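Shown next: model16.txt, containing compact mmCIF, C-alpha atoms and all ligand atoms.
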```txt
# COMPACT_ATOMS: atom_id res chain seq x y z
CA MET U 1 -20.83 5.25 15.29
CA LYS U 2 -19.37 2.14 16.89
CA LYS U 3 -19.60 0.37 13.55
CA VAL U 4 -17.82 3.28 11.83
CA ASN U 5 -15.00 3.18 14.38
CA GLN U 6 -14.61 -0.57 13.95
CA LEU U 7 -14.52 -0.21 10.20
CA GLN U 8 -11.91 2.55 10.39
CA GLN U 9 -9.72 0.67 12.84
CA ALA U 10 -9.94 -2.58 10.89
CA LEU U 11 -8.90 -0.94 7.62
CA LEU U 12 -6.20 1.25 9.15
CA SER U 13 -4.62 -1.69 11.01
CA TRP U 14 -4.81 -3.83 7.90
CA PHE U 15 -3.09 -1.11 5.85
CA ALA U 16 -0.36 -0.65 8.46
CA ALA U 17 0.43 -4.36 8.22
CA ASN U 18 -0.13 -4.92 4.50
CA ALA U 19 0.75 -1.72 2.62
CA ARG U 20 2.97 -2.46 -0.35
CA PRO U 21 6.41 -0.81 -0.05
CA LEU U 22 5.92 1.49 -3.05
CA PRO U 23 8.71 4.01 -3.71
CA TRP U 24 6.52 7.12 -3.46
CA ARG U 25 5.49 5.97 0.02
CA GLU U 26 9.05 6.28 1.32
CA GLN U 27 8.94 10.05 1.84
CA TYR U 28 5.56 11.11 0.48
CA LEU U 29 7.16 13.99 -1.44
CA SER U 30 4.44 15.94 -3.21
CA TYR U 31 6.10 15.72 -6.65
CA GLN U 32 6.48 11.94 -6.30
CA VAL U 33 2.92 11.46 -5.07
CA TRP U 34 1.65 13.53 -7.98
CA VAL U 35 3.64 11.56 -10.59
CA SER U 36 2.58 8.24 -9.05
CA GLU U 37 -1.09 9.24 -9.10
CA ILE U 38 -0.90 10.16 -12.78
CA MET U 39 1.07 7.02 -13.67
CA LEU U 40 -1.26 4.70 -11.79
CA GLN U 41 -4.31 5.85 -13.72
CA GLN U 42 -5.00 2.90 -16.07
CA THR U 43 -1.78 1.17 -14.91
CA GLN U 44 -1.14 -1.65 -12.41
CA ALA U 45 1.05 -0.60 -9.44
CA GLU U 46 3.77 -3.20 -10.18
CA ARG U 47 4.19 -1.89 -13.71
CA GLY U 48 3.87 1.69 -12.47
CA VAL U 49 6.83 1.18 -10.09
CA VAL U 50 9.18 0.35 -12.98
CA TYR U 51 8.14 3.48 -14.87
CA PHE U 52 8.14 5.60 -11.73
CA LYS U 53 11.77 4.72 -10.95
CA ARG U 54 12.82 5.41 -14.52
CA TRP U 55 10.93 8.71 -14.51
CA MET U 56 12.54 9.83 -11.25
CA ALA U 57 16.00 8.94 -12.60
CA HIS U 58 15.35 11.26 -15.57
CA PHE U 59 13.20 13.94 -13.93
CA PRO U 60 13.84 13.92 -10.17
CA ASP U 61 11.88 17.10 -9.48
CA VAL U 62 9.43 19.60 -10.96
CA VAL U 63 12.20 21.84 -12.29
CA SER U 64 13.93 19.08 -14.26
CA LEU U 65 10.58 17.93 -15.65
CA ALA U 66 9.68 21.46 -16.73
CA ALA U 67 13.05 21.82 -18.48
CA ALA U 68 12.77 18.54 -20.43
CA THR U 69 11.83 18.32 -24.11
CA GLU U 70 8.62 16.65 -25.26
CA ASP U 71 10.69 13.93 -26.98
CA GLU U 72 12.40 13.09 -23.67
CA ILE U 73 9.06 12.98 -21.87
CA LEU U 74 7.45 10.71 -24.46
CA LYS U 75 10.45 8.40 -24.58
CA CYS U 76 10.37 7.97 -20.81
CA TRP U 77 6.61 7.30 -20.89
CA GLU U 78 6.81 4.96 -23.86
CA GLY U 79 4.77 1.80 -23.31
CA LEU U 80 2.52 3.20 -20.58
CA GLY U 81 -0.11 4.41 -23.05
CA TYR U 82 -2.50 7.35 -22.65
CA TYR U 83 0.28 9.74 -23.61
CA SER U 84 -1.79 12.81 -22.83
CA ARG U 85 -0.99 12.00 -19.18
CA ALA U 86 2.72 12.58 -19.86
CA ARG U 87 2.07 15.74 -21.85
CA ASN U 88 -0.16 17.11 -19.10
CA LEU U 89 2.47 16.33 -16.45
CA HIS U 90 4.98 18.23 -18.54
CA ALA U 91 2.66 21.22 -19.09
CA ALA U 92 1.69 21.27 -15.41
CA ALA U 93 5.35 21.17 -14.31
CA LYS U 94 6.07 24.23 -16.46
CA ARG U 95 3.11 26.00 -14.88
CA VAL U 96 4.23 25.03 -11.36
CA VAL U 97 7.65 26.52 -12.08
CA GLN U 98 6.25 29.69 -13.67
CA VAL U 99 3.34 30.37 -11.31
CA HIS U 100 4.15 28.58 -8.05
CA GLY U 101 7.93 28.98 -7.84
CA GLY U 102 8.55 25.26 -8.49
CA LYS U 103 6.44 24.07 -5.53
CA LEU U 104 3.33 22.01 -6.12
CA PRO U 105 0.43 24.02 -4.63
CA ASP U 106 -1.49 22.60 -1.66
CA THR U 107 -4.98 23.96 -2.30
CA LEU U 108 -7.78 22.26 -4.19
CA ALA U 109 -8.40 25.20 -6.52
CA ALA U 110 -4.74 25.63 -7.47
CA LEU U 111 -4.24 21.89 -8.04
CA GLU U 112 -7.37 21.53 -10.14
CA ALA U 113 -6.21 24.45 -12.28
CA LEU U 114 -3.17 22.43 -13.42
CA PRO U 115 -3.36 20.38 -16.64
CA GLY U 116 -4.23 16.72 -16.04
CA ILE U 117 -5.29 17.15 -12.40
CA GLY U 118 -8.98 16.44 -11.87
CA LYS U 119 -11.27 15.84 -8.93
CA TYR U 120 -9.68 12.55 -7.85
CA THR U 121 -6.02 13.43 -8.39
CA ALA U 122 -6.24 16.79 -6.62
CA ARG U 123 -7.77 15.15 -3.54
CA ALA U 124 -5.30 12.27 -3.61
CA ILE U 125 -2.40 14.74 -3.60
CA LEU U 126 -3.97 16.85 -0.85
CA SER U 127 -4.54 13.86 1.41
CA ILE U 128 -1.52 11.67 0.65
CA ALA U 129 1.18 14.31 0.16
CA PHE U 130 -0.14 17.19 2.29
CA GLN U 131 -2.13 15.15 4.84
CA GLN U 132 -5.26 17.26 4.42
CA ASP U 133 -8.66 15.77 5.32
CA SER U 134 -9.80 15.25 1.77
CA PRO U 135 -11.75 12.14 0.65
CA VAL U 136 -10.90 10.22 -2.53
CA VAL U 137 -12.86 7.86 -4.72
CA ASP U 138 -11.26 5.83 -7.48
CA GLY U 139 -12.34 2.57 -9.11
CA ASN U 140 -11.05 0.55 -6.14
CA VAL U 141 -13.02 2.62 -3.63
CA GLU U 142 -16.15 2.40 -5.79
CA ARG U 143 -15.94 -1.39 -5.84
CA LEU U 144 -15.13 -1.71 -2.14
CA PHE U 145 -17.95 0.62 -1.04
CA ALA U 146 -20.47 -0.89 -3.47
CA ARG U 147 -19.93 -4.29 -1.84
CA LEU U 148 -19.39 -3.11 1.71
CA PHE U 149 -22.57 -1.02 1.78
CA ALA U 150 -24.59 -3.06 -0.75
CA ILE U 151 -24.95 -0.14 -3.15
CA ASP U 152 -27.22 -1.14 -6.01
CA GLU U 153 -27.08 2.12 -7.95
CA PRO U 154 -24.71 1.82 -10.93
CA VAL U 155 -21.41 3.11 -9.53
CA LYS U 156 -20.55 5.28 -12.53
CA LYS U 157 -23.93 7.04 -12.67
CA ALA U 158 -24.63 10.29 -10.84
CA ALA U 159 -26.68 8.71 -8.03
CA GLY U 160 -24.05 6.03 -7.37
CA GLN U 161 -21.22 8.56 -7.48
CA SER U 162 -23.01 10.88 -5.11
CA ARG U 163 -23.63 8.06 -2.61
CA ILE U 164 -20.03 6.84 -2.77
CA TRP U 165 -18.47 10.31 -2.46
CA GLY U 166 -20.85 11.00 0.44
CA LEU U 167 -19.65 7.87 2.22
CA ALA U 168 -16.00 8.70 1.53
CA GLU U 169 -16.55 12.11 3.12
CA ALA U 170 -18.49 10.78 6.11
CA LEU U 171 -16.14 7.91 6.92
CA LEU U 172 -12.85 9.82 6.69
CA PRO U 173 -11.11 9.73 10.11
CA LEU U 174 -9.90 13.30 10.66
CA GLY U 175 -6.13 13.66 10.76
CA GLN U 176 -5.58 10.26 9.12
CA ALA U 177 -6.52 10.94 5.53
CA ARG U 178 -3.15 9.82 4.17
CA GLU U 179 -3.44 6.34 5.67
CA TRP U 180 -7.21 6.03 5.36
CA ASN U 181 -7.47 6.90 1.68
CA GLN U 182 -4.62 4.58 0.81
CA ALA U 183 -6.13 1.83 2.98
CA LEU U 184 -9.38 2.01 1.02
CA MET U 185 -7.64 1.96 -2.35
CA GLU U 186 -5.18 -0.75 -1.31
CA CYS U 187 -7.94 -2.97 0.04
CA GLY U 188 -9.85 -2.53 -3.23
CA ALA U 189 -6.73 -3.27 -5.27
CA LEU U 190 -5.52 -6.32 -3.33
CA VAL U 191 -8.52 -7.86 -1.55
CA CYS U 192 -11.88 -6.59 -2.80
CA VAL U 193 -10.68 -7.18 -6.33
CA ARG U 194 -12.58 -7.20 -9.63
CA GLY U 195 -14.36 -10.46 -10.35
CA THR U 196 -14.23 -12.69 -7.29
CA PRO U 197 -13.28 -10.74 -4.14
CA ARG U 198 -10.78 -12.34 -1.77
CA CYS U 199 -13.10 -12.17 1.23
CA GLU U 200 -11.03 -14.72 3.15
CA LEU U 201 -8.29 -12.06 3.43
CA CYS U 202 -10.57 -9.10 4.07
CA PRO U 203 -10.28 -7.05 7.27
CA VAL U 204 -13.92 -5.90 7.09
CA THR U 205 -15.95 -9.05 6.40
CA ALA U 206 -17.82 -8.45 9.67
CA GLU U 207 -19.01 -5.07 8.40
CA CYS U 208 -19.64 -6.11 4.78
CA GLU U 209 -23.32 -6.19 3.81
CA SER U 210 -22.70 -8.09 0.56
CA PHE U 211 -20.60 -10.71 2.34
CA SER U 212 -23.23 -11.29 5.02
CA THR U 213 -25.96 -11.77 2.41
CA GLY U 214 -23.87 -13.81 -0.03
CA THR U 215 -24.28 -11.21 -2.78
CA THR U 216 -20.70 -10.09 -3.41
CA GLY U 217 -20.96 -11.25 -7.04
CA ALA U 218 -23.84 -8.85 -7.71
CA ARG U 219 -21.83 -5.69 -7.02
CA PRO U 220 -20.58 -3.25 -8.12
CA VAL U 221 -23.42 -2.63 -10.56
CA VAL U 222 -21.94 -1.26 -13.76
CA GLU U 223 -24.10 0.16 -16.51
CA GLY U 224 -23.20 1.66 -19.81
CA GLY U 225 -19.67 0.25 -19.84
CA LYS U 226 -17.64 1.02 -22.93
CA LYS U 227 -17.83 -1.53 -25.72
CA ILE U 228 -14.53 -2.90 -27.00
CA VAL U 229 -13.99 -2.11 -30.67
CA GLN U 230 -11.88 -4.56 -32.69
CA VAL U 231 -9.58 -3.03 -35.32
CA ARG U 232 -7.17 -4.62 -37.79
CA LEU U 233 -4.07 -3.00 -39.25
CA VAL U 234 -1.14 -3.80 -41.47
CA ALA U 235 2.30 -2.28 -40.90
CA ALA U 236 5.46 -2.33 -43.02
CA VAL U 237 9.01 -2.55 -41.68
CA VAL U 238 11.05 -1.42 -44.68
CA VAL U 239 14.79 -2.12 -44.49
CA ASP U 240 17.33 -0.70 -46.94
CA ASP U 241 20.58 -2.28 -48.17
CA SER U 242 22.54 -0.92 -45.20
CA GLY U 243 20.07 -2.33 -42.66
CA ARG U 244 18.39 0.97 -41.81
CA VAL U 245 14.66 1.03 -41.16
CA TYR U 246 12.10 3.51 -42.47
CA VAL U 247 9.96 5.30 -39.85
CA ARG U 248 7.64 8.27 -39.93
CA GLN U 249 6.49 10.72 -37.28
CA ARG U 250 2.81 11.02 -36.41
CA PRO U 251 1.15 14.43 -36.78
CA ALA U 252 0.74 16.72 -33.77
CA ASN U 253 -3.06 16.61 -33.59
CA VAL U 254 -3.79 12.87 -33.43
CA ARG U 255 -3.55 10.02 -30.92
CA TRP U 256 0.12 9.30 -30.06
CA ALA U 257 0.93 12.78 -31.37
CA ASN U 258 4.55 13.32 -32.51
CA MET U 259 5.50 9.74 -31.73
CA TRP U 260 7.17 7.52 -34.32
CA GLU U 261 5.76 4.55 -36.21
CA PHE U 262 6.17 2.22 -39.13
CA PRO U 263 3.88 2.99 -42.06
CA ASP U 264 0.56 1.36 -41.22
CA LEU U 265 -3.02 1.25 -42.35
CA GLU U 266 -6.32 0.16 -40.85
CA ILE U 267 -7.97 -2.56 -42.90
CA THR U 268 -11.40 -4.15 -42.97
CA GLU U 269 -12.18 -7.53 -41.49
CA SER U 270 -12.19 -9.19 -44.90
CA ALA U 271 -9.14 -7.40 -46.37
CA GLN U 272 -6.09 -9.39 -47.41
CA PRO U 273 -3.16 -8.08 -45.29
CA LEU U 274 -0.47 -8.70 -47.93
CA LYS U 275 -2.38 -6.84 -50.61
CA ALA U 276 -3.09 -3.99 -48.21
CA VAL U 277 0.52 -3.60 -47.09
CA VAL U 278 1.82 -3.36 -50.67
CA GLY U 279 -0.77 -0.65 -51.29
CA LEU U 280 0.75 1.47 -48.49
CA PHE U 281 3.46 2.79 -50.81
CA LYS U 282 3.66 5.06 -53.82
CA LYS U 283 3.66 3.21 -57.13
CA GLY U 284 7.28 4.04 -57.96
CA ALA U 285 8.42 3.02 -54.50
CA SER U 286 6.56 -0.28 -54.37
CA ARG U 287 8.42 -1.42 -57.51
CA SER U 288 11.66 -1.10 -55.50
CA LEU U 289 10.30 -3.08 -52.56
CA ASP U 290 10.26 -6.83 -52.25
CA GLY U 291 10.00 -9.55 -49.67
CA PHE U 292 6.89 -8.61 -47.72
CA LEU U 293 7.42 -11.40 -45.22
CA PRO U 294 4.80 -11.66 -42.49
CA LEU U 295 6.68 -11.09 -39.21
CA THR U 296 4.25 -11.94 -36.44
CA THR U 297 0.88 -10.79 -35.16
CA VAL U 298 0.79 -8.08 -32.53
CA ASN U 299 -2.17 -7.55 -30.23
CA HIS U 300 -2.43 -4.12 -28.76
CA LYS U 301 -5.13 -2.67 -26.51
CA TYR U 302 -5.68 1.06 -26.09
CA THR U 303 -8.64 2.92 -24.61
CA ARG U 304 -11.64 0.98 -26.00
CA TYR U 305 -9.82 -0.50 -28.97
CA GLN U 306 -8.38 -3.97 -29.37
CA ALA U 307 -6.01 -3.80 -32.32
CA THR U 308 -4.53 -6.72 -34.23
CA VAL U 309 -1.52 -5.60 -36.26
CA HIS U 310 -0.05 -7.67 -39.10
CA PRO U 311 3.52 -6.39 -39.62
CA PHE U 312 5.47 -7.30 -42.77
CA LEU U 313 9.20 -7.06 -43.33
CA CYS U 314 10.26 -5.85 -46.76
CA ARG U 315 13.46 -4.74 -48.40
CA LEU U 316 14.15 -1.66 -50.45
CA ARG U 317 16.27 -2.77 -53.39
CA GLY U 318 18.97 -0.43 -54.72
CA ALA U 319 18.94 3.33 -54.46
CA PHE U 320 15.52 4.93 -54.22
CA SER U 321 15.77 8.63 -53.48
CA GLY U 322 12.08 9.63 -53.45
CA LYS U 323 9.50 9.40 -50.67
CA LEU U 324 8.03 5.99 -50.02
CA GLN U 325 4.60 7.40 -49.27
CA GLN U 326 2.34 10.24 -50.35
CA GLU U 327 1.80 11.99 -47.04
CA GLU U 328 3.80 14.91 -45.75
CA GLN U 329 4.73 13.43 -42.38
CA PRO U 330 8.43 13.72 -41.47
CA CYS U 331 10.19 10.41 -42.11
CA ARG U 332 13.66 9.02 -41.38
CA TRP U 333 15.89 6.06 -42.09
CA VAL U 334 17.32 4.84 -38.78
CA THR U 335 19.44 1.99 -37.46
CA LEU U 336 17.99 -0.60 -35.09
CA GLU U 337 19.89 1.11 -32.30
CA GLU U 338 18.43 4.50 -33.17
CA LEU U 339 14.93 2.98 -33.11
CA ASN U 340 15.39 2.53 -29.39
CA SER U 341 15.93 6.23 -28.83
CA LEU U 342 12.63 7.20 -30.46
CA ALA U 343 9.21 7.01 -28.80
CA PHE U 344 6.76 4.52 -30.34
CA SER U 345 3.28 3.43 -29.29
CA SER U 346 3.33 0.07 -27.53
CA GLY U 347 1.91 -1.73 -30.58
CA HIS U 348 4.81 -0.61 -32.76
CA ARG U 349 7.30 -1.10 -29.93
CA GLN U 350 6.25 -4.76 -29.84
CA ILE U 351 7.22 -5.00 -33.51
CA ILE U 352 10.63 -3.43 -32.75
CA ASP U 353 11.25 -5.87 -29.91
CA TYR U 354 10.87 -8.64 -32.44
CA LEU U 355 13.31 -7.21 -35.03
CA PRO U 356 16.79 -7.89 -33.53
CA GLU U 357 16.10 -11.63 -33.59
CA PHE U 358 14.43 -11.64 -36.94
CA LEU U 359 16.68 -9.42 -39.05
CA PRO U 360 19.94 -11.43 -38.70
CA GLU U 361 18.06 -14.68 -39.30
CA GLN U 362 16.68 -13.28 -42.51
CA LYS U 363 20.12 -11.91 -43.48
CA ILE U 364 18.68 -8.54 -44.37
S1 LIG A 1 -15.89 -9.01 2.57
FE1 LIG A 1 -15.42 -9.46 0.46
S2 LIG A 1 -16.88 -8.26 -0.72
FE2 LIG A 1 -16.89 -7.44 1.35
S3 LIG A 1 -15.44 -5.77 1.29
FE3 LIG A 1 -14.32 -7.58 1.95
S4 LIG A 1 -13.47 -8.46 0.08
FE4 LIG A 1 -15.06 -7.00 -0.51
```
Mind turning this structure into structure tokens?
Amino acid sequence: MKKVNQLQQALLSWFAANARPLPWREQYLSYQVWVSEIMLQQTQAERGVVYFKRWMAHFPDVVSLAAATEDEILKCWEGLGYYSRARNLHAAAKRVVQVHGGKLPDTLAALEALPGIGKYTARAILSIAFQQDSPVVDGNVERLFARLFAIDEPVKKAAGQSRIWGLAEALLPLGQAREWNQALMECGALVCVRGTPRCELCPVTAECESFSTGTTGARPVVEGGKKIVQVRLVAAVVVDDSGRVYVRQRPANVRWANMWEFPDLEITESAQPLKAVVGLFKKGASRSLDGFLPLTTVNHKYTRYQATVHPFLCRLRGAFSGKLQQEEQPCRWVTLEELNSLAFSSGHRQIIDYLPEFLPEQKI
């Protein structure tokens, strides 16, 4: 028990002195805590802060979020990836307005019934926003506990999860869940980091079993991690005589649903990008296209994919009134300025970022 008290005091004092001044920590409003928890899944806190501030400027509360259009939501989320998080936030906000009178509920069952809120997020909201004695375990807590308590079960497997959740429950100092849970996650994020932990800065070296045995590098044990899949694509930025760019909208039932993109195509490892990009267009259309200048190479990581995109810039000569491609997706000709008002995946957004410099130089 003495050891538990020491551990709790060490981490709580460390958090009081070292907590990052993140905007959702200013008032701990439940809506802000909820949005921050969703945004910080798969996103570094520093990057999350930029998006969080932008989000709050557009959708300061549940009611404004519920009233927004999907296009507005996606545009505001653009670049963060995992767009289902934004769609779920939107759907959940509508439900909170319809069912809970615009107030985020403060029970586990009601929170877990909302789209996008799972075991971790519900407990994070309960403890951080509503100060209920609810334990949390995220990747940072898994790593911290695996090293602190020399856990050799793979942390993502059932036995490892059960041990870690059990510890989170047992160690929680009653009445201090808000600070304690954040202290664990903050220590994992800043000190007991992935790779080489920064033990020289750690408030709990005295209690750490891996530190005392010189085995910090052996934990956490991870098994069955996802393999990264390499993919290659070509994309075409088609510009007409008036400088407008051709874009199409993705279907509703695929990744990056309803977002915008340049025509693109996945190619094999041995395929010739130039040949592939010309083949993107209908026969009649490709006769009106020329140029096909390689722009740059864009590297883009999403879920377990590492994509390399080869974008080409080409010009549509003269008046071509038909569709450039076979498929039935909605398409538009837009100015560079209008491109910025549409939501694109981060891979295609990287291509857009490159265009303002490139287009004038090429006098297109
Ligand atoms: S002493 Fe090192 S390994 Fe142990 S919890 Fe602290 S940072 Fe992690």
Practice task
May I have the residues within 10 Å of Arg85 in chain U as a list in words, using all atoms listed in the file and disregarding those fewer than 2 positions away in the same chain?
Solution key: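 The residues satisfying every condition are Val35, Ile38, Met39, Gln41, Trp77, Leu80, Gly81, Tyr82, Tyr83, Arg87, Asn88, Leu89, His90, Ala91, Pro115, Gly116 and Ile117 of chain U.
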Problem - Near-ligand residues for ligand LIG 1 (chain A), threshold 10 Å, all atoms listed in the file, as a ChimeraX atom specification - result: /U:143-150,184,187-188,190-194,196-212,214-220
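Among U:Tyr51, U:Ser162, U:Val96, U:Arg317, the residue with the shortest atom-to-atom distance to Ser64 in chain U, counting all atoms listed in the file, is U:Val96.
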Practice task
Mind giving me the straight-line distance from CA of Leu233 in chain U to CA of Ile267 in chain U in Å, one decimal?
Solution key: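 Computing the Euclidean distance for CA of Leu233 in chain U and CA of Ile267 in chain U yields 5.4 Å.
Checking U:Ala92, U:Val234, U:Ala67, U:Leu12 one by one against Tyr31 in chain U, counting all atoms listed in the file, you find the shortest gap at U:Ala92.
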At most 6 Å is the cut-off: for each residue in range 30-145 of chain U with any atom that close to an atom of range 339-356 of chain U, write down the nearest atom pair and the distance in Å rounded to one decimal, counting all atoms listed in the file, chain first then increasing number, as a tab-separated table.
```
residue	atom	partner	partner_atom	distance
U:Leu74	CA	U:Ala343	CA	6.0
U:Lys75	CA	U:Ala343	CA	4.6
U:Glu78	CA	U:Ala343	CA	5.9
U:Gly79	CA	U:Ser346	CA	4.8
```
Practice task
Rank U:Leu22, U:Val229, U:Val141, U:Met56 by their smallest atom-to-atom distance to Gln306 in chain U, using only C-alpha atoms, and report the top residue only.
Solution key: U:Val229
Practice task
Within 9 Å of Glu223 in chain U, counting only C-alpha atoms, which residues show up once you throw out same-chain ones fewer than 4 positions away? Write them as a list in words, please.
Solution key: Pro154, Val155, Lys156 and Lys157 of chain U
Excluding same-chain residues fewer than 3 positions from Leu280 in chain U, what lies within 8 Å of it counting only C-alpha atoms, as a short mmCIF file (atom, residue, chain, number, x, y, z; two decimals) with C-alpha atoms, in the frame of the given file?
```cif
data_model
loop_
_atom_site.label_atom_id
_atom_site.label_comp_id
_atom_site.auth_asym_id
_atom_site.auth_seq_id
_atom_site.Cartn_x
_atom_site.Cartn_y
_atom_site.Cartn_z
CA PRO U 263 3.88 2.99 -42.06
CA ASP U 264 0.56 1.36 -41.22
CA LEU U 265 -3.02 1.25 -42.35
CA ALA U 276 -3.09 -3.99 -48.21
CA VAL U 277 0.52 -3.60 -47.09
CA GLN U 325 4.60 7.40 -49.27
#
```
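Using all atoms listed in the file, the shortest contact distance between Ala10 in chain U and any of U:Ala307, U:Val298, U:Ile125, U:Ala183 is found at U:Ala183.
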Handout entry: Spatial neighbours of Lys275 in chain U, max dist 12 Å, only C-alpha atoms, sep filter under 6 positions, as number ranges by chain
Key = U: 234-236, 265, 267, 281, 286, 292, 294, 310, 312
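Put simply, CA of Trp260 in chain U is 6.6 Å away from CA of Val247 in chain U.
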Practice task
In Å, rounded to a single decimal, give me how far CA of Val97 in chain U is from CA of Val137 in chain U.
Solution key: 28.7 Å
Exercise for the section: Find the residues around range 171-173 of chain U up to 9 Å (only C-alpha atoms counted), leave out those fewer than 2 positions away in its own chain, and share them as a PyMOL selection string. Expected result: chain U and resi 4-5+7-8+133-135+166-169+175-177+180-181
